[in-house]
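Next up, model_9.txt (compact mmCIF, C-alpha atoms and all ligand atoms):
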# COMPACT_ATOMS: atom_id res chain seq x y z
CA MET A 1 104.86 60.03 96.00
CA THR A 2 104.22 60.29 92.26
CA MET A 3 101.53 62.74 91.23
CA THR A 4 100.13 64.61 88.26
CA ILE A 5 98.56 68.02 88.78
CA GLY A 6 97.35 70.85 86.55
CA ARG A 7 98.08 71.57 82.94
CA PHE A 8 101.80 71.28 83.61
CA GLY A 9 101.28 67.64 84.56
CA LEU A 10 104.35 67.36 86.78
CA ARG A 11 104.95 63.65 87.23
CA ARG A 12 108.10 63.24 89.24
CA ARG A 13 109.14 62.16 92.67
CA ASN A 14 109.59 64.76 95.37
CA TYR A 15 107.94 67.80 93.79
CA ASP A 16 105.95 69.23 96.71
CA PHE A 17 102.62 70.72 95.55
CA PRO A 18 100.55 73.12 97.63
CA PRO A 19 97.20 71.40 98.22
CA PHE A 20 95.14 74.61 97.73
CA ARG A 21 95.33 77.56 95.36
CA PRO A 22 92.97 80.35 94.22
CA PRO A 23 90.77 79.38 91.23
CA SER A 24 92.47 82.13 89.22
CA GLU A 25 95.79 80.26 89.56
CA ALA A 26 94.56 77.09 87.86
CA ASN A 27 97.12 77.46 85.07
CA SER A 28 100.03 78.60 87.21
CA LEU A 29 103.13 76.80 88.32
CA LEU A 30 102.45 75.92 91.96
CA LEU A 31 105.45 76.36 94.24
CA ARG A 32 105.33 75.39 97.90
CA VAL A 33 107.35 77.61 100.23
CA THR A 34 105.57 76.67 103.46
CA ARG A 35 103.41 73.74 104.50
CA GLY A 36 100.12 74.26 106.28
CA CYS A 37 98.86 77.33 108.10
CA PRO A 38 100.73 79.08 110.95
CA TRP A 39 97.38 80.28 112.34
CA ASN A 40 95.09 77.32 111.68
CA ARG A 41 92.33 78.56 113.96
CA CYS A 42 89.62 79.96 111.69
CA ALA A 43 86.38 78.30 112.74
CA PHE A 44 85.10 77.77 109.18
CA CYS A 45 88.32 76.31 107.78
CA SER A 46 89.28 72.66 107.54
CA MET A 47 92.07 73.05 105.00
CA TYR A 48 95.17 72.41 107.07
CA LYS A 49 93.73 70.99 110.26
CA GLY A 50 96.00 68.16 111.38
CA MET A 51 98.97 69.46 109.34
CA LYS A 52 101.92 70.80 111.28
CA PHE A 53 103.02 74.18 109.95
CA GLU A 54 106.57 74.48 108.65
CA ILE A 55 108.68 76.65 106.39
CA ARG A 56 110.32 74.44 103.79
CA ASP A 57 114.05 74.18 103.47
CA ILE A 58 115.33 76.69 100.90
CA GLU A 59 117.37 74.02 99.09
CA GLU A 60 114.25 71.88 98.62
CA ILE A 61 112.37 74.85 97.18
CA LEU A 62 115.20 75.75 94.80
CA GLY A 63 115.27 72.07 93.79
CA ASP A 64 111.57 72.26 92.88
CA ILE A 65 112.25 75.33 90.73
CA GLU A 66 115.07 73.49 88.94
CA LEU A 67 112.84 70.47 88.38
CA ALA A 68 110.07 72.67 86.94
CA LYS A 69 112.63 74.35 84.68
CA ASP A 70 113.89 70.98 83.41
CA LEU A 71 110.34 69.99 82.57
CA TYR A 72 108.88 73.21 81.18
CA GLY A 73 111.77 75.33 80.02
CA ASP A 74 110.62 78.90 79.64
CA ARG A 75 106.91 78.09 79.27
CA ILE A 76 105.97 79.30 82.77
CA GLY A 77 104.02 82.59 82.71
CA THR A 78 102.42 82.70 86.16
CA VAL A 79 103.38 81.26 89.54
CA PHE A 80 101.42 80.72 92.74
CA ILE A 81 103.35 80.37 95.99
CA GLY A 82 101.77 78.20 98.73
CA ASP A 83 100.60 77.34 101.29
CA SER A 84 98.39 79.67 103.31
CA ASN A 85 100.66 82.55 104.35
CA SER A 86 104.05 82.63 102.62
CA LEU A 87 104.86 86.07 104.03
CA VAL A 88 105.77 84.49 107.37
CA ALA A 89 108.99 83.33 105.68
CA LYS A 90 111.97 85.63 106.14
CA THR A 91 112.15 88.47 103.62
CA GLU A 92 115.66 87.42 102.45
CA MET A 93 114.44 83.88 101.81
CA LEU A 94 111.46 85.06 99.77
CA ILE A 95 113.68 87.34 97.71
CA LYS A 96 116.08 84.47 97.01
CA ILE A 97 113.19 82.29 95.84
CA LEU A 98 111.74 85.06 93.67
CA ASN A 99 115.16 85.70 92.11
CA ALA A 100 115.50 81.98 91.33
CA LEU A 101 112.03 81.97 89.74
CA PHE A 102 112.73 84.96 87.50
CA ASN A 103 116.19 83.65 86.56
CA SER A 104 114.69 80.30 85.61
CA PHE A 105 111.55 81.55 83.86
CA PRO A 106 112.18 84.79 81.96
CA HIS A 107 108.54 85.15 80.80
CA ILE A 108 106.88 85.29 84.21
CA GLN A 109 104.17 87.94 84.26
CA ARG A 110 102.61 87.27 87.65
CA VAL A 111 103.62 85.72 90.98
CA THR A 112 100.96 85.54 93.66
CA SER A 113 100.57 84.18 97.17
CA TYR A 114 98.06 83.84 99.97
CA ALA A 115 98.82 86.01 103.00
CA ARG A 116 97.25 86.80 106.36
CA ALA A 117 96.31 90.40 107.10
CA LYS A 118 97.95 90.23 110.52
CA THR A 119 101.25 89.13 108.98
CA ILE A 120 101.13 91.98 106.46
CA ALA A 121 100.32 94.42 109.26
CA LYS A 122 103.36 93.20 111.25
CA LYS A 123 105.86 93.06 108.38
CA PRO A 124 107.87 96.28 107.94
CA LEU A 125 106.80 98.31 104.92
CA GLU A 126 110.40 98.29 103.60
CA ASP A 127 110.34 94.47 103.60
CA LEU A 128 107.04 94.39 101.74
CA ILE A 129 108.47 96.79 99.16
CA LYS A 130 111.57 94.61 98.72
CA ILE A 131 109.43 91.49 98.21
CA ARG A 132 107.22 93.34 95.77
CA GLN A 133 110.25 94.62 93.84
CA ALA A 134 111.65 91.09 93.70
CA GLY A 135 108.55 90.09 91.74
CA LEU A 136 105.72 88.95 94.03
CA ASN A 137 102.98 91.13 92.66
CA ARG A 138 99.62 89.96 94.01
CA LEU A 139 98.45 88.98 97.50
CA HIS A 140 95.28 86.95 98.09
CA VAL A 141 93.99 87.66 101.59
CA GLY A 142 90.99 86.26 103.46
CA LEU A 143 88.91 89.12 104.85
CA GLU A 144 85.85 86.85 105.15
CA THR A 145 83.89 89.58 106.97
CA GLY A 146 84.49 93.13 108.11
CA ASP A 147 82.13 92.85 111.06
CA ARG A 148 83.97 92.97 114.37
CA GLU A 149 81.75 90.50 116.20
CA LEU A 150 81.86 87.96 113.39
CA LEU A 151 85.63 88.30 112.95
CA MET A 152 85.99 87.35 116.60
CA ALA A 153 83.40 84.58 116.40
CA ILE A 154 85.16 82.90 113.47
CA GLU A 155 88.58 83.41 115.13
CA LYS A 156 90.05 85.17 112.12
CA GLY A 157 92.69 86.70 114.35
CA ALA A 158 92.39 90.26 113.05
CA THR A 159 90.17 93.23 113.82
CA PRO A 160 88.53 95.42 111.17
CA GLU A 161 91.20 98.04 111.88
CA GLU A 162 94.01 95.50 111.32
CA MET A 163 92.34 94.34 108.10
CA ILE A 164 92.24 97.95 106.89
CA ALA A 165 95.82 98.69 107.96
CA ALA A 166 97.11 95.55 106.21
CA GLY A 167 95.25 96.35 102.99
CA LYS A 168 96.48 99.92 102.85
CA LYS A 169 100.03 98.87 103.62
CA ALA A 170 100.10 96.16 100.96
CA LYS A 171 98.78 98.62 98.40
CA GLU A 172 101.34 101.20 99.47
CA ALA A 173 104.05 98.59 98.92
CA GLY A 174 102.76 98.19 95.37
CA PHE A 175 100.91 94.86 95.56
CA GLU A 176 97.72 94.03 93.75
CA TYR A 177 95.40 93.24 96.61
CA SER A 178 92.77 90.53 96.31
CA LEU A 179 90.33 90.13 99.22
CA TYR A 180 88.08 87.14 99.81
CA VAL A 181 84.63 87.64 101.31
CA LEU A 182 82.76 84.67 102.75
CA LEU A 183 79.08 85.08 101.95
CA GLY A 184 76.81 83.50 104.55
CA ILE A 185 79.40 83.46 107.35
CA GLY A 186 76.96 85.35 109.61
CA GLY A 187 74.44 82.54 109.20
CA GLU A 188 70.73 83.22 109.03
CA GLY A 189 70.78 85.75 111.87
CA LYS A 190 73.68 88.13 111.17
CA TRP A 191 73.66 88.67 107.44
CA GLU A 192 72.93 92.37 107.67
CA GLN A 193 75.81 93.24 109.99
CA HIS A 194 78.08 90.98 107.92
CA ALA A 195 77.23 92.84 104.70
CA LYS A 196 77.49 96.30 106.24
CA GLY A 197 80.73 95.66 108.18
CA THR A 198 82.33 94.01 105.16
CA ALA A 199 81.42 96.89 102.86
CA GLU A 200 82.87 99.34 105.36
CA VAL A 201 86.27 97.61 105.50
CA LEU A 202 86.34 97.16 101.73
CA ASN A 203 85.50 100.83 101.22
CA HIS A 204 88.48 101.83 103.35
CA ILE A 205 90.88 99.56 101.46
CA ASP A 206 89.48 99.78 97.93
CA PRO A 207 91.28 96.55 96.92
CA HIS A 208 92.03 95.69 93.31
CA PHE A 209 89.89 92.55 93.54
CA ILE A 210 86.95 91.50 95.70
CA ARG A 211 86.33 87.79 95.40
CA VAL A 212 83.25 86.21 96.98
CA ARG A 213 82.83 82.62 98.04
CA THR A 214 79.79 81.19 99.79
CA PHE A 215 80.24 79.58 103.17
CA ILE A 216 79.62 75.85 103.07
CA PRO A 217 80.21 74.13 106.41
CA GLN A 218 83.12 71.74 105.97
CA PRO A 219 83.46 68.60 108.12
CA ASN A 220 86.41 68.77 110.50
CA SER A 221 85.86 72.46 111.24
CA PRO A 222 84.41 74.08 114.39
CA LEU A 223 81.57 75.80 112.51
CA TYR A 224 80.49 72.50 111.01
CA GLU A 225 80.30 71.05 114.52
CA ALA A 226 78.34 74.14 115.66
CA MET A 227 75.87 73.58 112.83
CA VAL A 228 75.47 69.89 113.70
CA ASN A 229 74.89 70.83 117.36
CA GLY A 230 72.29 73.41 116.38
CA ASP A 231 74.42 76.38 117.49
CA PHE A 232 74.84 77.82 113.99
CA GLN A 233 72.03 78.17 111.50
CA PRO A 234 73.37 78.36 107.94
CA ALA A 235 71.97 81.16 105.81
CA SER A 236 69.29 80.20 103.29
CA PRO A 237 69.86 80.92 99.59
CA GLU A 238 67.43 83.84 99.85
CA THR A 239 69.38 85.31 102.77
CA ILE A 240 72.68 84.95 100.93
CA LEU A 241 71.23 86.74 97.92
CA LYS A 242 69.88 89.56 100.12
CA GLU A 243 73.25 89.81 101.85
CA THR A 244 75.12 90.00 98.53
CA LYS A 245 72.73 92.67 97.30
CA LEU A 246 73.21 94.75 100.45
CA LEU A 247 76.99 94.35 100.21
CA LEU A 248 76.99 95.58 96.62
CA GLU A 249 74.67 98.47 97.47
CA LYS A 250 77.04 99.63 100.23
CA LEU A 251 80.28 99.30 98.27
CA GLN A 252 82.03 102.49 97.20
CA VAL A 253 85.14 101.07 95.55
CA THR A 254 86.86 100.84 92.21
CA SER A 255 87.54 97.10 92.51
CA GLN A 256 87.00 94.19 90.17
CA PHE A 257 84.21 92.10 91.71
CA LEU A 258 84.47 88.37 91.01
CA SER A 259 82.40 85.37 91.92
CA ASP A 260 84.94 82.81 90.74
CA HIS A 261 84.08 79.88 93.01
CA ILE A 262 81.92 76.80 92.63
CA SER A 263 80.18 77.50 95.94
CA ASN A 264 78.47 80.68 94.71
CA LEU A 265 74.81 80.90 93.79
CA LEU A 266 75.19 83.43 90.98
CA PRO A 267 77.89 84.28 88.43
CA LEU A 268 78.46 87.92 89.42
CA HIS A 269 81.41 89.59 87.76
CA GLY A 270 82.04 93.23 87.04
CA LYS A 271 84.03 96.37 87.53
CA LEU A 272 82.83 98.63 90.31
CA PRO A 273 81.23 101.09 90.28
CA ASP A 274 80.36 100.79 86.56
CA ASP A 275 78.69 97.38 86.79
CA GLN A 276 77.21 97.80 90.28
CA GLU A 277 73.61 98.47 89.19
CA LYS A 278 73.69 95.66 86.66
CA MET A 279 74.88 93.13 89.26
CA ILE A 280 72.30 94.30 91.80
CA GLN A 281 69.63 93.82 89.16
CA VAL A 282 70.82 90.24 88.52
CA ILE A 283 70.44 89.53 92.25
CA GLU A 284 66.97 91.10 92.38
CA GLU A 285 65.85 88.91 89.50
CA ALA A 286 67.31 85.83 91.23
CA LEU A 287 65.48 86.75 94.43
CA ILE A 288 62.15 86.92 92.61
CA GLU A 289 62.87 83.57 91.00
CA VAL A 290 64.02 81.80 94.17
CA ARG A 291 60.92 82.98 96.07
CA LYS A 292 58.55 81.41 93.58
CA ASN A 293 60.56 78.44 92.32
CA ASP A 294 60.94 75.66 94.90
CA GLY A 295 63.08 73.60 92.53
CA LEU A 296 65.61 76.40 92.13
CA ARG A 297 65.74 76.98 95.88
CA GLU A 298 66.31 73.28 96.53
CA GLU A 299 69.01 73.19 93.87
CA MET A 300 70.76 76.12 95.57
CA GLU A 301 70.41 74.49 98.97
CA MET A 302 72.06 71.35 97.65
CA ARG A 303 75.30 73.33 97.33
CA ARG A 304 75.46 73.29 101.11
CA HIS A 305 76.53 69.67 100.83
CA LEU A 306 79.60 70.35 98.69
CA THR A 307 82.75 69.27 100.47
CA ASN A 308 86.48 69.37 99.77
CA LEU A 309 86.28 73.02 98.66
S1 LIG B 401 91.28 80.37 106.58
FE1 LIG B 401 93.44 80.69 106.06
S2 LIG B 401 94.31 81.67 107.88
FE2 LIG B 401 92.37 80.73 108.51
S3 LIG B 401 92.94 78.70 109.29
FE3 LIG B 401 92.36 78.47 107.13
S4 LIG B 401 94.27 78.62 106.01
FE4 LIG B 401 94.64 79.44 108.07

Turn this file's structure into structure tokens for me.
Amino acid sequence: MTMTIGRFGLRRRNYDFPPFRPPSEANSLLLRVTRGCPWNRCAFCSMYKGMKFEIRDIEEILGDIELAKDLYGDRIGTVFIGDSNSLVAKTEMLIKILNALFNSFPHIQRVTSYARAKTIAKKPLEDLIKIRQAGLNRLHVGLETGDRELLMAIEKGATPEEMIAAGKKAKEAGFEYSLYVLLGIGGEGKWEQHAKGTAEVLNHIDPHFIRVRTFIPQPNSPLYEAMVNGDFQPASPETILKETKLLLEKLQVTSQFLSDHISNLLPLHGKLPDDQEKMIQVIEEALIEVRKNDGLREEMEMRRHLTNL
């Protein structure tokens, strides 16, 4: 298939692009080490449903690196490794790939990947350190919620304790740790426990980055079906704002807080704890506005219909 993606505009046969990446990796070289998700059970996620998980052949991956080098020379500064959990690949294989990347692109400043907390928790610390030393320097991990009941309900496959253990271990290995929180995943009824449980896990880990996205039911996912059947009531914009405010009030971290996703109701960015009060104030003002402005509330509710996120 011939395709053109991103500012690098790769237009060649056989370069295998990861279909998803964090928004912060929009300008990165995208390198696919695995295809799909080895877990593929999260109830809110439709990303890789129907795709069989596999680890790509090392020669294919090295071929993609060569192709990117032919096209871009030494212009590559950041790399994102896909798909959903590259750390399931053998440590030796990841190190070989990282070595090839750094040999090909001498100006690389950052290499990042998605990873599952459970995989990090299982991987020996010495292996994580070796991978970190070979150049993978940031992990993007889906926490979604820190609440035990909700973690089970969404089939995240990790307990709060495992989330905490994985975060601490990744930091000990030297990674920058970026955790995703899914606002609204408790629906209309469980926003308080979601906010409190999430803050508790985040406070234990104190990750470098906390990134929030807002849950929007995606067709072809179990939670979307639950919503259609009336078994899950999505949180209203007001509830999501209250939940975000409570989360921020409970956080005792030194993380960068980012709202870098199209699904979010407010642009909230800041360094904690310095910007905590300012961000809470922004939410309080939005709450006042949304309670009196039907047009704004409807506009926010329309986001629930975004798909292909
Ligand atoms: S959210 Fe991540 S871990 Fe869960 S099924 Fe989707 S890709 Fe896999």

Which residues of chain A have any atom within 12 Å of an atom in ligand LIG 401 (chain B) when counting all atoms listed in the file, and what is the closest pair of atoms for each, with the distance in Å to one decimal? Order the rows by chain and rising number and write it as CSV.
residue,atom,partner,partner_atom,distance
A:Pro18,CA,B:LIG401,S4,11.8
A:Pro19,CA,B:LIG401,S4,11.0
A:Phe20,CA,B:LIG401,S4,9.2
A:Arg21,CA,B:LIG401,S4,10.8
A:Pro22,CA,B:LIG401,FE1,11.9
A:Thr34,CA,B:LIG401,S4,11.7
A:Arg35,CA,B:LIG401,S4,10.5
A:Gly36,CA,B:LIG401,S4,7.3
A:Cys37,CA,B:LIG401,FE4,4.7
A:Pro38,CA,B:LIG401,FE4,6.7
A:Trp39,CA,B:LIG401,FE4,5.1
A:Asn40,CA,B:LIG401,S3,3.5
A:Arg41,CA,B:LIG401,S3,4.7
A:Cys42,CA,B:LIG401,FE2,4.3
A:Ala43,CA,B:LIG401,S3,7.4
A:Phe44,CA,B:LIG401,S1,7.2
A:Cys45,CA,B:LIG401,FE3,4.6
A:Ser46,CA,B:LIG401,FE3,6.6
A:Met47,CA,B:LIG401,FE3,5.8
A:Tyr48,CA,B:LIG401,S4,6.4
A:Lys49,CA,B:LIG401,S3,7.8
A:Gly50,CA,B:LIG401,S3,11.2
A:Met51,CA,B:LIG401,S4,10.8
A:Lys52,CA,B:LIG401,FE4,11.7
A:Phe53,CA,B:LIG401,FE4,10.1
A:Gly82,CA,B:LIG401,S4,10.5
A:Asp83,CA,B:LIG401,S4,8.0
A:Ser84,CA,B:LIG401,S4,5.0
A:Asn85,CA,B:LIG401,S2,7.3
A:Ser86,CA,B:LIG401,S4,11.1
A:Val88,CA,B:LIG401,S2,11.8
A:Ser113,CA,B:LIG401,FE1,11.9
A:Tyr114,CA,B:LIG401,FE1,8.3
A:Ala115,CA,B:LIG401,S2,7.9
A:Arg116,CA,B:LIG401,S2,6.1
A:Ala117,CA,B:LIG401,S2,9.0
A:Lys118,CA,B:LIG401,S2,9.7
A:Thr119,CA,B:LIG401,S2,10.2
A:His140,CA,B:LIG401,FE1,10.3
A:Val141,CA,B:LIG401,FE1,8.3
A:Gly142,CA,B:LIG401,FE1,6.6
A:Leu143,CA,B:LIG401,S1,9.2
A:Glu144,CA,B:LIG401,S1,8.6
A:Thr145,CA,B:LIG401,S1,11.8
A:Leu151,CA,B:LIG401,FE2,11.1
A:Ile154,CA,B:LIG401,FE2,9.0
A:Glu155,CA,B:LIG401,FE2,8.1
A:Lys156,CA,B:LIG401,FE2,6.2
A:Gly157,CA,B:LIG401,S2,8.4
A:Ala158,CA,B:LIG401,S2,10.2
A:Tyr180,CA,B:LIG401,S1,10.1
A:Val181,CA,B:LIG401,S1,11.2
A:Leu182,CA,B:LIG401,S1,10.3
A:Phe215,CA,B:LIG401,S1,11.6
A:Gln218,CA,B:LIG401,FE3,11.5
A:Asn220,CA,B:LIG401,FE3,11.9
A:Ser221,CA,B:LIG401,S3,9.6
A:Pro222,CA,B:LIG401,S3,11.0
A:Leu309,CA,B:LIG401,FE3,11.8

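Among the candidate residues A:Gly295, A:Pro217, A:Pro273, A:Pro124, the one lying nearest to Ala166 (chain A) is A:Pro124, with distances computed using all atoms listed in the file.
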
* Please provide as a ChimeraX atom specification all residues within 8 Å of region 59-73 of chain A, with the sequence filter that same-chain residues fewer than 2 positions apart are discarded (counting all atoms listed in the file). => /A:8,10,15-16,31-33,56-57,75-76,97,100-101,104-105

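Residue nearest Arg303 (chain A) within the list A:Ile216, A:Leu179, A:Val282, A:Ile55: A:Ile216 [criterion: smallest interatomic distance, all atoms listed in the file].
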
* Glu249 (chain A): which residues within 10 Å, counting all atoms listed in the file, same-chain residues fewer than 5 positions away excluded, as a PyMOL selection string? -> chain A and resi 195-196+199+243-244+276-277+279-280

* Structure fact -> Separating CA of Ile185 (chain A) from CA of Glu172 (chain A), to the nearest tenth of an Å, is a gap of 29.3 Å

Neighbouring residues of Val201 (chain A) were defined as those with any atom within 7 Å, considering all atoms listed in the file; residues of the same chain fewer than 5 positions away were excluded. Please report them as a PDB file with C-alpha atoms, in the coordinates of the input.
ATOM      1  CA  GLY A 146      84.490  93.130 108.110  1.00  0.00           C
ATOM      2  CA  PRO A 160      88.530  95.420 111.170  1.00  0.00           C
ATOM      3  CA  ILE A 164      92.240  97.950 106.890  1.00  0.00           C
TER       4      ILE A 164
END

Please return the centre and edge lengths, in Å to one decimal, of a box with edges along x, y and z that contains all listed atoms of region 269-284 of chain A, widened by 5 Å on every side, as AutoDock Vina command-line options.
--center_x 75.5 --center_y 95.3 --center_z 89.5 --size_x 27.1 --size_y 21.6 --size_z 15.8

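Closest approach to Ser236 (chain A) among A:Thr198, A:Thr214, A:Ser178, A:Thr112: A:Thr214, based on all atoms listed in the file.
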
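Between Leu268 (chain A) and the residues A:Leu287, A:Val212, A:Met152, A:Ile240, the shortest atom-to-atom distance, using all atoms listed in the file, involves A:Val212.
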
* Asked: Between CA of Ile81 (chain A) and CA of Pro267 (chain A), what is the spacing in Å?
  -> 26.8 Å
